[in-house]
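The block underneath contains the structure these notes are about, expressed in structure tokens.
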Amino acid sequence: MKLDTTTFQGLTKPVYILEEQRLRRNLQLISDVAKAADVEIILAFKAYALWKTFPIFREYIRATTASSLYEAKLGNTEFGAPTHTFSPAYTDYEIDEIACCSSHLVFNSLTQFTRFFNRATAVNPQLSCGLRVNPEYSEVDTLIYNPCAAGTRFGVSADKLPADLPKGIDGFHVHCHCESGSDVFERTLQHIEAKFSKWFSQIRWINFGGGHLMTRKDYDTDRLISILKAFKARYPHLKVILEPGSAFAWQTGPLVAQVVDVVEDKGISTAILNVSFTCHMPDCLEMPYHPAVRNAEVVDDAYQNDKNVYRLGGNSCLSGDWMGYWKFDHELQIGETIIFEDMLHYTTVKTNMFNGITHPDLALLHLDGELELLRSYKYEDYRDRMD
């Protein structure tokens, strides 16, 4: 079916809509940055894993990054290439299969490396292994997203590394960004080099992790390219890897929902939707990340009793399954479409079936305007999770 992408009228059920034109725009920009800086940029599944779109991705990138056995299997089987894999803790019952699905395997600690290196490389002799390191510096303000905060469980600090790295460590993995700009990377890189450059002669590659939001409108990609080229000039033997997640799916499509009811209490009007924040937009409550709603203005609590101002409420039984307040230019009606912008990254990978609530469909809006349904969830999907 073809839709008016301004209003999405005609849809009567909730659906995540990935817009191919926007996705290709991001992929082209990322590909251009990688070529200009002579680095490899790969897709992190933790932010986006819609595998039915991998044929599009393969036109622009060659590899992906995984953080678990299932992500590694997804990359190896559905993307068609072994993954760059990191986990805070590999286990005896998964390490062999993870190693077989991976091209690069990053260990979170020296104890994990000692325990699993020989075993992993025995099952996959082509494996290149690395160590996650902690530069003890990050400009991420939100504590739960700061991997370098005091007491972090991620990576090895410089004071805990031996002068000579254990044989078999080919690279370093550093991750300390979250939707950050190139200026943040430039400052962070100074700390990374100050802490770890003494070991650079002993490694072959360095992975600067994710959080490089290069597809955001105000991101300075020229500055990023310049920073990366200068780094490579200083260390020409090092292969440089970046693994953003959000950057690939940034602003690539909305979650389209509908108003089911409007209720009022103490002068506060809540439009109840056929989607849930806790189930279908979990970062809105975890972060909290405040979504944008098309044709609505965010207002503060002082306007909660004003005309055409609504909380938006989810359809789960969780009391806190709501966000607000939004001002519309009209009174909302039952059946009306509500469009949550930019809902493809860190949503479809984190949704759940709490309360057995019907899950939104997944759809791809092709370049010709045709909407293809990728997946429609049924009762059996809920039931079989506990089979």
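By convention in this document, the chains of the structure tokens carry letters A, B, ... by their order, each chain's residues are numbered from 1, and ligands are numbered from 1 in the order they are shown.
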Non-local contacts of A:Leu242 (6 Å; only C-alpha atoms; under 5 positions in same chain excluded) as a PDB file with all heavy atoms, in the first residue's frame:
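around24.pdb was written with the following content:
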```pdb
ATOM      1  N   ILE A  41      33.817   1.444   9.488  1.00  0.00           N
ATOM      2  CA  ILE A  41      32.677   1.762  10.349  1.00  0.00           C
ATOM      3  C   ILE A  41      31.663   0.645  10.194  1.00  0.00           C
ATOM      4  O   ILE A  41      31.236   0.325   9.086  1.00  0.00           O
ATOM      5  CB  ILE A  41      32.041   3.121   9.997  1.00  0.00           C
ATOM      6  CG1 ILE A  41      33.101   4.236  10.047  1.00  0.00           C
ATOM      7  CG2 ILE A  41      30.898   3.433  10.966  1.00  0.00           C
ATOM      8  CD1 ILE A  41      32.566   5.612   9.679  1.00  0.00           C
ATOM      9  N   ASN A 207      39.585  -0.075  18.216  1.00  0.00           N
ATOM     10  CA  ASN A 207      38.157   0.141  17.983  1.00  0.00           C
ATOM     11  C   ASN A 207      37.694   1.238  18.928  1.00  0.00           C
ATOM     12  O   ASN A 207      37.768   1.073  20.155  1.00  0.00           O
ATOM     13  CB  ASN A 207      37.406  -1.172  18.238  1.00  0.00           C
ATOM     14  CG  ASN A 207      35.927  -1.084  17.918  1.00  0.00           C
ATOM     15  OD1 ASN A 207      35.312  -0.027  18.063  1.00  0.00           O
ATOM     16  ND2 ASN A 207      35.339  -2.195  17.513  1.00  0.00           N
ATOM     17  N   PHE A 208      37.239   2.354  18.362  1.00  0.00           N
ATOM     18  CA  PHE A 208      36.806   3.490  19.175  1.00  0.00           C
ATOM     19  C   PHE A 208      35.319   3.419  19.543  1.00  0.00           C
ATOM     20  O   PHE A 208      34.717   4.422  19.935  1.00  0.00           O
ATOM     21  CB  PHE A 208      37.109   4.805  18.461  1.00  0.00           C
ATOM     22  CG  PHE A 208      38.576   5.151  18.438  1.00  0.00           C
ATOM     23  CD1 PHE A 208      39.236   5.335  17.232  1.00  0.00           C
ATOM     24  CD2 PHE A 208      39.295   5.283  19.614  1.00  0.00           C
ATOM     25  CE1 PHE A 208      40.578   5.654  17.196  1.00  0.00           C
ATOM     26  CE2 PHE A 208      40.646   5.597  19.587  1.00  0.00           C
ATOM     27  CZ  PHE A 208      41.296   5.779  18.380  1.00  0.00           C
ATOM     28  N   GLY A 209      34.710   2.250  19.406  1.00  0.00           N
ATOM     29  CA  GLY A 209      33.373   2.021  19.913  1.00  0.00           C
ATOM     30  C   GLY A 209      32.287   2.805  19.208  1.00  0.00           C
ATOM     31  O   GLY A 209      32.421   3.256  18.064  1.00  0.00           O
TER      32      GLY A 209
END
```
* Asked: Using only C-alpha atoms, which residues sit within 12 Å of stretch 330-332 of chain A once same-chain residues fewer than 5 positions away are excluded, as a list in words?
  -> Gln258, Val259, Val260, Asp261, Val262, Val263, Ser269, Thr270, Ala271, Ile272, Leu273, Asn295, Ala296, Glu297, Asp306, Lys307, Asn308, Val309, Tyr310, Arg311, Leu312, Thr337 and Ile338 of chain A
* To do: Run DSSP on the backbone and give me the residues of stretch 54-121 of chain A it puts in strand (DSSP E), as a PyMOL selection string.
  => chain A and resi 64-66+83-86+102-107
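Coordinates place atom CA of A:Thr65 at a distance of 6.8 Å from atom CA of A:Glu243.
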* To do: Return the single residue from A:Ile95, A:Ala158, A:Leu27, A:Met343 that is closest to A:Arg62, with distances computed using only C-alpha atoms.
  =>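 Comparing A:Ile95, A:Ala158, A:Leu27, A:Met343 against A:Arg62, the winner is A:Leu27.
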* Could you give me, as a ChimeraX atom specification, the residues within 9 Å of A:Asn108, counting only C-alpha atoms and dropping anything in the same chain fewer than 6 positions from it? => /A:86-90,130-133,153-156
Contacts of A:Ser316 at 10 Å or less, counting only C-alpha atoms, minus same-chain residues fewer than 4 places along, as a PDB file with N, CA, C and O atoms, in the first residue's frame?
```pdb
ATOM      1  N   ILE A 272      -4.988   8.135  25.732  1.00  0.00           N
ATOM      2  CA  ILE A 272      -4.486   6.771  25.844  1.00  0.00           C
ATOM      3  C   ILE A 272      -4.316   6.191  24.439  1.00  0.00           C
ATOM      4  O   ILE A 272      -5.227   6.259  23.612  1.00  0.00           O
ATOM      5  N   LEU A 273      -3.144   5.623  24.195  1.00  0.00           N
ATOM      6  CA  LEU A 273      -2.775   5.152  22.864  1.00  0.00           C
ATOM      7  C   LEU A 273      -2.783   3.635  22.796  1.00  0.00           C
ATOM      8  O   LEU A 273      -2.888   2.951  23.819  1.00  0.00           O
ATOM      9  N   ASN A 274      -2.640   3.102  21.599  1.00  0.00           N
ATOM     10  CA  ASN A 274      -2.536   1.656  21.431  1.00  0.00           C
ATOM     11  C   ASN A 274      -1.078   1.195  21.381  1.00  0.00           C
ATOM     12  O   ASN A 274      -0.755   0.156  20.805  1.00  0.00           O
ATOM     13  N   VAL A 275      -0.196   1.995  21.972  1.00  0.00           N
ATOM     14  CA  VAL A 275       1.197   1.615  22.197  1.00  0.00           C
ATOM     15  C   VAL A 275       1.559   1.937  23.640  1.00  0.00           C
ATOM     16  O   VAL A 275       0.828   2.656  24.334  1.00  0.00           O
ATOM     17  N   SER A 276       2.694   1.403  24.066  1.00  0.00           N
ATOM     18  CA  SER A 276       3.123   1.564  25.452  1.00  0.00           C
ATOM     19  C   SER A 276       4.540   2.115  25.492  1.00  0.00           C
ATOM     20  O   SER A 276       5.397   1.674  24.721  1.00  0.00           O
ATOM     21  N   PHE A 277       4.784   3.060  26.394  1.00  0.00           N
ATOM     22  CA  PHE A 277       6.151   3.559  26.557  1.00  0.00           C
ATOM     23  C   PHE A 277       7.044   2.472  27.142  1.00  0.00           C
ATOM     24  O   PHE A 277       8.158   2.247  26.673  1.00  0.00           O
ATOM     25  N   THR A 278       6.579   1.792  28.147  1.00  0.00           N
ATOM     26  CA  THR A 278       7.405   0.780  28.797  1.00  0.00           C
ATOM     27  C   THR A 278       7.656  -0.429  27.905  1.00  0.00           C
ATOM     28  O   THR A 278       8.704  -1.060  27.971  1.00  0.00           O
ATOM     29  N   CYS A 279       6.730  -0.745  27.019  1.00  0.00           N
ATOM     30  CA  CYS A 279       6.896  -1.896  26.134  1.00  0.00           C
ATOM     31  C   CYS A 279       7.554  -1.544  24.805  1.00  0.00           C
ATOM     32  O   CYS A 279       8.376  -2.313  24.302  1.00  0.00           O
ATOM     33  N   GLY A 320       3.104   4.245  35.681  1.00  0.00           N
ATOM     34  CA  GLY A 320       3.980   5.267  35.114  1.00  0.00           C
ATOM     35  C   GLY A 320       4.138   5.194  33.615  1.00  0.00           C
ATOM     36  O   GLY A 320       5.038   5.845  33.056  1.00  0.00           O
ATOM     37  N   ASP A 321       3.283   4.436  32.941  1.00  0.00           N
ATOM     38  CA  ASP A 321       3.380   4.277  31.493  1.00  0.00           C
ATOM     39  C   ASP A 321       2.726   5.469  30.785  1.00  0.00           C
ATOM     40  O   ASP A 321       1.696   5.340  30.126  1.00  0.00           O
ATOM     41  N   TRP A 322       3.338   6.629  30.946  1.00  0.00           N
ATOM     42  CA  TRP A 322       2.832   7.830  30.297  1.00  0.00           C
ATOM     43  C   TRP A 322       3.958   8.859  30.197  1.00  0.00           C
ATOM     44  O   TRP A 322       4.962   8.773  30.903  1.00  0.00           O
ATOM     45  N   MET A 353       7.124  -7.733  25.684  1.00  0.00           N
ATOM     46  CA  MET A 353       5.709  -8.101  25.604  1.00  0.00           C
ATOM     47  C   MET A 353       5.062  -8.133  26.979  1.00  0.00           C
ATOM     48  O   MET A 353       4.159  -8.925  27.245  1.00  0.00           O
ATOM     49  N   PHE A 354       5.519  -7.260  27.864  1.00  0.00           N
ATOM     50  CA  PHE A 354       4.892  -7.087  29.164  1.00  0.00           C
ATOM     51  C   PHE A 354       3.388  -6.879  29.003  1.00  0.00           C
ATOM     52  O   PHE A 354       2.935  -6.167  28.118  1.00  0.00           O
ATOM     53  N   ASN A 355       2.613  -7.530  29.844  1.00  0.00           N
ATOM     54  CA  ASN A 355       1.154  -7.431  29.827  1.00  0.00           C
ATOM     55  C   ASN A 355       0.521  -8.136  28.631  1.00  0.00           C
ATOM     56  O   ASN A 355      -0.696  -8.101  28.451  1.00  0.00           O
ATOM     57  N   GLY A 356       1.337  -8.744  27.787  1.00  0.00           N
ATOM     58  CA  GLY A 356       0.789  -9.386  26.594  1.00  0.00           C
ATOM     59  C   GLY A 356       0.198  -8.407  25.611  1.00  0.00           C
ATOM     60  O   GLY A 356      -0.647  -8.776  24.781  1.00  0.00           O
ATOM     61  N   ILE A 357       0.688  -7.168  25.667  1.00  0.00           N
ATOM     62  CA  ILE A 357       0.153  -6.123  24.782  1.00  0.00           C
ATOM     63  C   ILE A 357       0.580  -6.391  23.337  1.00  0.00           C
ATOM     64  O   ILE A 357       1.713  -6.772  23.065  1.00  0.00           O
TER      65      ILE A 357
END
```
* If we count only C-alpha atoms, what is near A:Ser376 at a cut-off of 12 Å, once residues fewer than 5 positions away on the same chain are taken out, given as number ranges by chain? -> A: 13-16, 358-363, 381
* Near-A:Arg24 list (12 Å; only C-alpha atoms; drop same-chain fewer than 3 positions) as a PyMOL selection string -> chain A and resi 18-21+27-32+53-61+215+247-252+365-367
* Near A:His280, counting only C-alpha atoms, which residues have an atom at most 7 Å away, once you skip same-chain residues fewer than 5 positions from it, shown as a list in words? -> Val275, Thr347, Thr351 and Asn352 of chain A
* Asked: For the atom pair atom CA of A:Met287 and atom CA of A:Ala66, what is the interatomic distance in Å to one decimal place?
  -> 22.2 Å
Mind running stretch 212-278 of chain A against stretch 179-182 of chain A at 10 Å and telling me each contacting residue's nearest atom pair with the distance in Å (one decimal), counting only C-alpha atoms, chain and number ascending, as a tab-separated table?
```
residue	atom	partner	partner_atom	distance
A:His212	CA	A:Ser180	CA	5.5
A:Leu213	CA	A:Glu179	CA	5.0
A:Met214	CA	A:Gly181	CA	7.3
A:Arg216	CA	A:Gly181	CA	8.8
A:Asp218	CA	A:Gly181	CA	8.4
A:Tyr219	CA	A:Gly181	CA	5.8
A:Asp220	CA	A:Ser182	CA	6.2
A:Thr221	CA	A:Ser182	CA	7.2
A:Asp222	CA	A:Ser182	CA	8.9
A:Arg223	CA	A:Ser182	CA	6.4
A:Leu224	CA	A:Ser182	CA	5.3
A:Ile225	CA	A:Ser182	CA	9.1
A:Ser226	CA	A:Ser182	CA	9.9
A:Ile227	CA	A:Ser182	CA	8.3
A:Pro244	CA	A:Glu179	CA	9.0
A:Gly245	CA	A:Glu179	CA	9.5
A:Ser246	CA	A:Glu179	CA	7.4
A:Ala247	CA	A:Glu179	CA	8.1
```
* Structure fact -> Expressed in Å, the length from atom CA of A:Lys35 to atom CA of A:Arg204 is 19.4 Å
Would you please give, as a CSV table (one decimal) with N, CA and C atoms, in the first residue's frame, all residues of stretch 22-153 of chain A that DSSP assigns to helix (DSSP H, G or I) based on the backbone?
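Final file, result38.csv:
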```
chain,number,residue,atom,x,y,z
A,22,ARG,N,15.6,7.6,4.0
A,22,ARG,CA,16.3,8.2,5.1
A,22,ARG,C,17.5,7.2,5.5
A,23,LEU,N,17.2,5.9,5.5
A,23,LEU,CA,18.2,5.0,5.8
A,23,LEU,C,19.4,5.1,4.9
A,24,ARG,N,19.1,5.1,3.6
A,24,ARG,CA,20.2,5.2,2.6
A,24,ARG,C,21.0,6.5,2.7
A,25,ARG,N,20.3,7.5,3.1
A,25,ARG,CA,21.0,8.8,3.3
A,25,ARG,C,22.1,8.6,4.4
A,26,ASN,N,21.7,8.0,5.5
A,26,ASN,CA,22.6,7.8,6.6
A,26,ASN,C,23.7,6.9,6.2
A,27,LEU,N,23.4,5.8,5.5
A,27,LEU,CA,24.4,4.8,5.1
A,27,LEU,C,25.4,5.4,4.2
A,28,GLN,N,24.9,6.3,3.3
A,28,GLN,CA,25.9,6.9,2.3
A,28,GLN,C,26.8,7.9,3.1
A,29,LEU,N,26.3,8.6,4.0
A,29,LEU,CA,27.1,9.5,4.8
A,29,LEU,C,28.2,8.8,5.6
A,30,ILE,N,27.8,7.7,6.2
A,30,ILE,CA,28.7,6.9,7.0
A,30,ILE,C,29.8,6.2,6.1
A,31,SER,N,29.3,5.8,4.9
A,31,SER,CA,30.3,5.2,4.0
A,31,SER,C,31.3,6.2,3.5
A,32,ASP,N,30.8,7.4,3.2
A,32,ASP,CA,31.7,8.5,2.8
A,32,ASP,C,32.7,8.9,3.8
A,33,VAL,N,32.3,8.9,5.1
A,33,VAL,CA,33.2,9.2,6.2
A,33,VAL,C,34.3,8.1,6.3
A,34,ALA,N,33.9,6.9,6.2
A,34,ALA,CA,34.8,5.8,6.3
A,34,ALA,C,35.9,5.8,5.2
A,35,LYS,N,35.4,6.1,4.0
A,35,LYS,CA,36.4,6.2,2.9
A,35,LYS,C,37.3,7.4,3.0
A,36,ALA,N,36.8,8.5,3.4
A,36,ALA,CA,37.6,9.7,3.5
A,36,ALA,C,38.6,9.6,4.6
A,37,ALA,N,38.3,9.0,5.7
A,37,ALA,CA,39.2,8.8,6.8
A,37,ALA,C,40.0,7.5,6.8
A,51,TRP,N,17.0,-7.4,10.6
A,51,TRP,CA,17.8,-8.2,9.7
A,51,TRP,C,17.3,-8.2,8.3
A,52,LYS,N,16.0,-8.0,8.1
A,52,LYS,CA,15.4,-8.0,6.8
A,52,LYS,C,15.9,-6.8,5.9
A,53,THR,N,16.5,-5.9,6.6
A,53,THR,CA,17.1,-4.7,5.8
A,53,THR,C,18.6,-4.9,5.6
A,54,PHE,N,19.2,-5.9,6.0
A,54,PHE,CA,20.6,-6.1,5.9
A,54,PHE,C,21.1,-6.1,4.4
A,55,PRO,N,20.2,-6.6,3.4
A,55,PRO,CA,20.7,-6.4,2.0
A,55,PRO,C,21.0,-5.0,1.7
A,56,ILE,N,20.2,-4.0,2.2
A,56,ILE,CA,20.5,-2.6,2.0
A,56,ILE,C,21.9,-2.2,2.6
A,57,PHE,N,22.1,-2.6,3.9
A,57,PHE,CA,23.3,-2.3,4.6
A,57,PHE,C,24.5,-2.8,3.9
A,69,LEU,N,25.8,-13.9,22.2
A,69,LEU,CA,25.8,-15.1,21.2
A,69,LEU,C,24.7,-14.9,20.1
A,70,TYR,N,23.5,-14.4,20.5
A,70,TYR,CA,22.5,-14.3,19.5
A,70,TYR,C,22.8,-13.2,18.5
A,71,GLU,N,23.4,-12.1,19.0
A,71,GLU,CA,23.8,-11.1,18.0
A,71,GLU,C,24.9,-11.6,17.1
A,72,ALA,N,25.8,-12.3,17.6
A,72,ALA,CA,26.9,-12.9,16.8
A,72,ALA,C,26.4,-13.8,15.8
A,73,LYS,N,25.4,-14.6,16.1
A,73,LYS,CA,24.8,-15.5,15.2
A,73,LYS,C,24.0,-14.8,14.1
A,74,LEU,N,23.3,-13.7,14.5
A,74,LEU,CA,22.6,-12.9,13.6
A,74,LEU,C,23.5,-12.3,12.5
A,75,GLY,N,24.6,-11.7,13.0
A,75,GLY,CA,25.6,-11.1,12.1
A,75,GLY,C,26.2,-12.1,11.1
A,76,ASN,N,26.5,-13.3,11.7
A,76,ASN,CA,27.2,-14.3,10.9
A,76,ASN,C,26.3,-15.0,9.9
A,77,THR,N,25.0,-15.2,10.3
A,77,THR,CA,24.1,-15.9,9.4
A,77,THR,C,23.3,-15.0,8.5
A,78,GLU,N,22.7,-13.9,9.1
A,78,GLU,CA,21.8,-13.0,8.3
A,78,GLU,C,22.5,-11.9,7.6
A,79,PHE,N,23.6,-11.3,8.2
A,79,PHE,CA,24.3,-10.3,7.6
A,79,PHE,C,25.3,-10.9,6.6
A,95,ILE,N,31.0,-19.7,24.7
A,95,ILE,CA,32.2,-19.1,24.1
A,95,ILE,C,32.6,-19.8,22.8
A,96,ASP,N,32.5,-21.1,22.7
A,96,ASP,CA,32.8,-21.8,21.5
A,96,ASP,C,32.0,-21.3,20.3
A,97,GLU,N,30.7,-21.2,20.5
A,97,GLU,CA,29.8,-20.8,19.4
A,97,GLU,C,30.1,-19.4,19.0
A,98,ILE,N,30.3,-18.5,20.0
A,98,ILE,CA,30.6,-17.1,19.8
A,98,ILE,C,31.8,-17.0,19.0
A,99,ALA,N,32.9,-17.7,19.4
A,99,ALA,CA,34.2,-17.6,18.6
A,99,ALA,C,34.0,-18.0,17.2
A,100,CYS,N,33.2,-19.0,16.9
A,100,CYS,CA,33.0,-19.5,15.6
A,100,CYS,C,32.2,-18.5,14.7
A,101,CYS,N,31.4,-17.6,15.3
A,101,CYS,CA,30.6,-16.6,14.6
A,101,CYS,C,31.4,-15.3,14.5
A,110,LEU,N,41.5,-9.0,31.9
A,110,LEU,CA,42.6,-10.0,31.7
A,110,LEU,C,42.3,-11.4,32.2
A,111,THR,N,41.4,-11.5,33.2
A,111,THR,CA,41.0,-12.8,33.6
A,111,THR,C,40.2,-13.5,32.6
A,112,GLN,N,39.2,-12.8,31.9
A,112,GLN,CA,38.5,-13.4,30.9
A,112,GLN,C,39.4,-13.8,29.7
A,113,PHE,N,40.3,-13.0,29.4
A,113,PHE,CA,41.3,-13.3,28.3
A,113,PHE,C,42.1,-14.6,28.7
A,114,THR,N,42.6,-14.6,29.9
A,114,THR,CA,43.4,-15.8,30.3
A,114,THR,C,42.5,-17.1,30.3
A,115,ARG,N,41.3,-16.9,30.7
A,115,ARG,CA,40.4,-18.1,30.8
A,115,ARG,C,40.0,-18.6,29.4
A,116,PHE,N,39.7,-17.7,28.4
A,116,PHE,CA,39.1,-18.2,27.2
A,116,PHE,C,39.9,-18.0,25.9
A,117,PHE,N,41.0,-17.3,26.0
A,117,PHE,CA,41.7,-17.1,24.7
A,117,PHE,C,42.1,-18.4,24.0
A,118,ASN,N,42.8,-19.3,24.7
A,118,ASN,CA,43.2,-20.5,24.0
A,118,ASN,C,42.1,-21.3,23.5
A,119,ARG,N,41.0,-21.4,24.2
A,119,ARG,CA,39.8,-22.1,23.8
A,119,ARG,C,39.2,-21.5,22.6
A,120,ALA,N,39.0,-20.2,22.6
A,120,ALA,CA,38.4,-19.5,21.5
A,120,ALA,C,39.2,-19.6,20.2
A,121,THR,N,40.5,-19.4,20.3
A,121,THR,CA,41.3,-19.5,19.1
A,121,THR,C,41.5,-20.9,18.6
A,122,ALA,N,41.3,-21.9,19.5
A,122,ALA,CA,41.4,-23.3,19.1
A,122,ALA,C,40.2,-23.7,18.2
A,123,VAL,N,39.0,-23.1,18.5
A,123,VAL,CA,37.9,-23.4,17.6
A,123,VAL,C,37.8,-22.5,16.4
A,143,LEU,N,24.3,8.9,34.2
A,143,LEU,CA,25.2,7.9,34.8
A,143,LEU,C,25.0,6.5,34.2
A,144,ILE,N,23.7,6.1,34.0
A,144,ILE,CA,23.5,4.7,33.5
A,144,ILE,C,24.1,4.5,32.1
A,145,TYR,N,24.4,5.6,31.4
A,145,TYR,CA,25.0,5.4,30.1
A,145,TYR,C,26.5,5.8,30.0
```
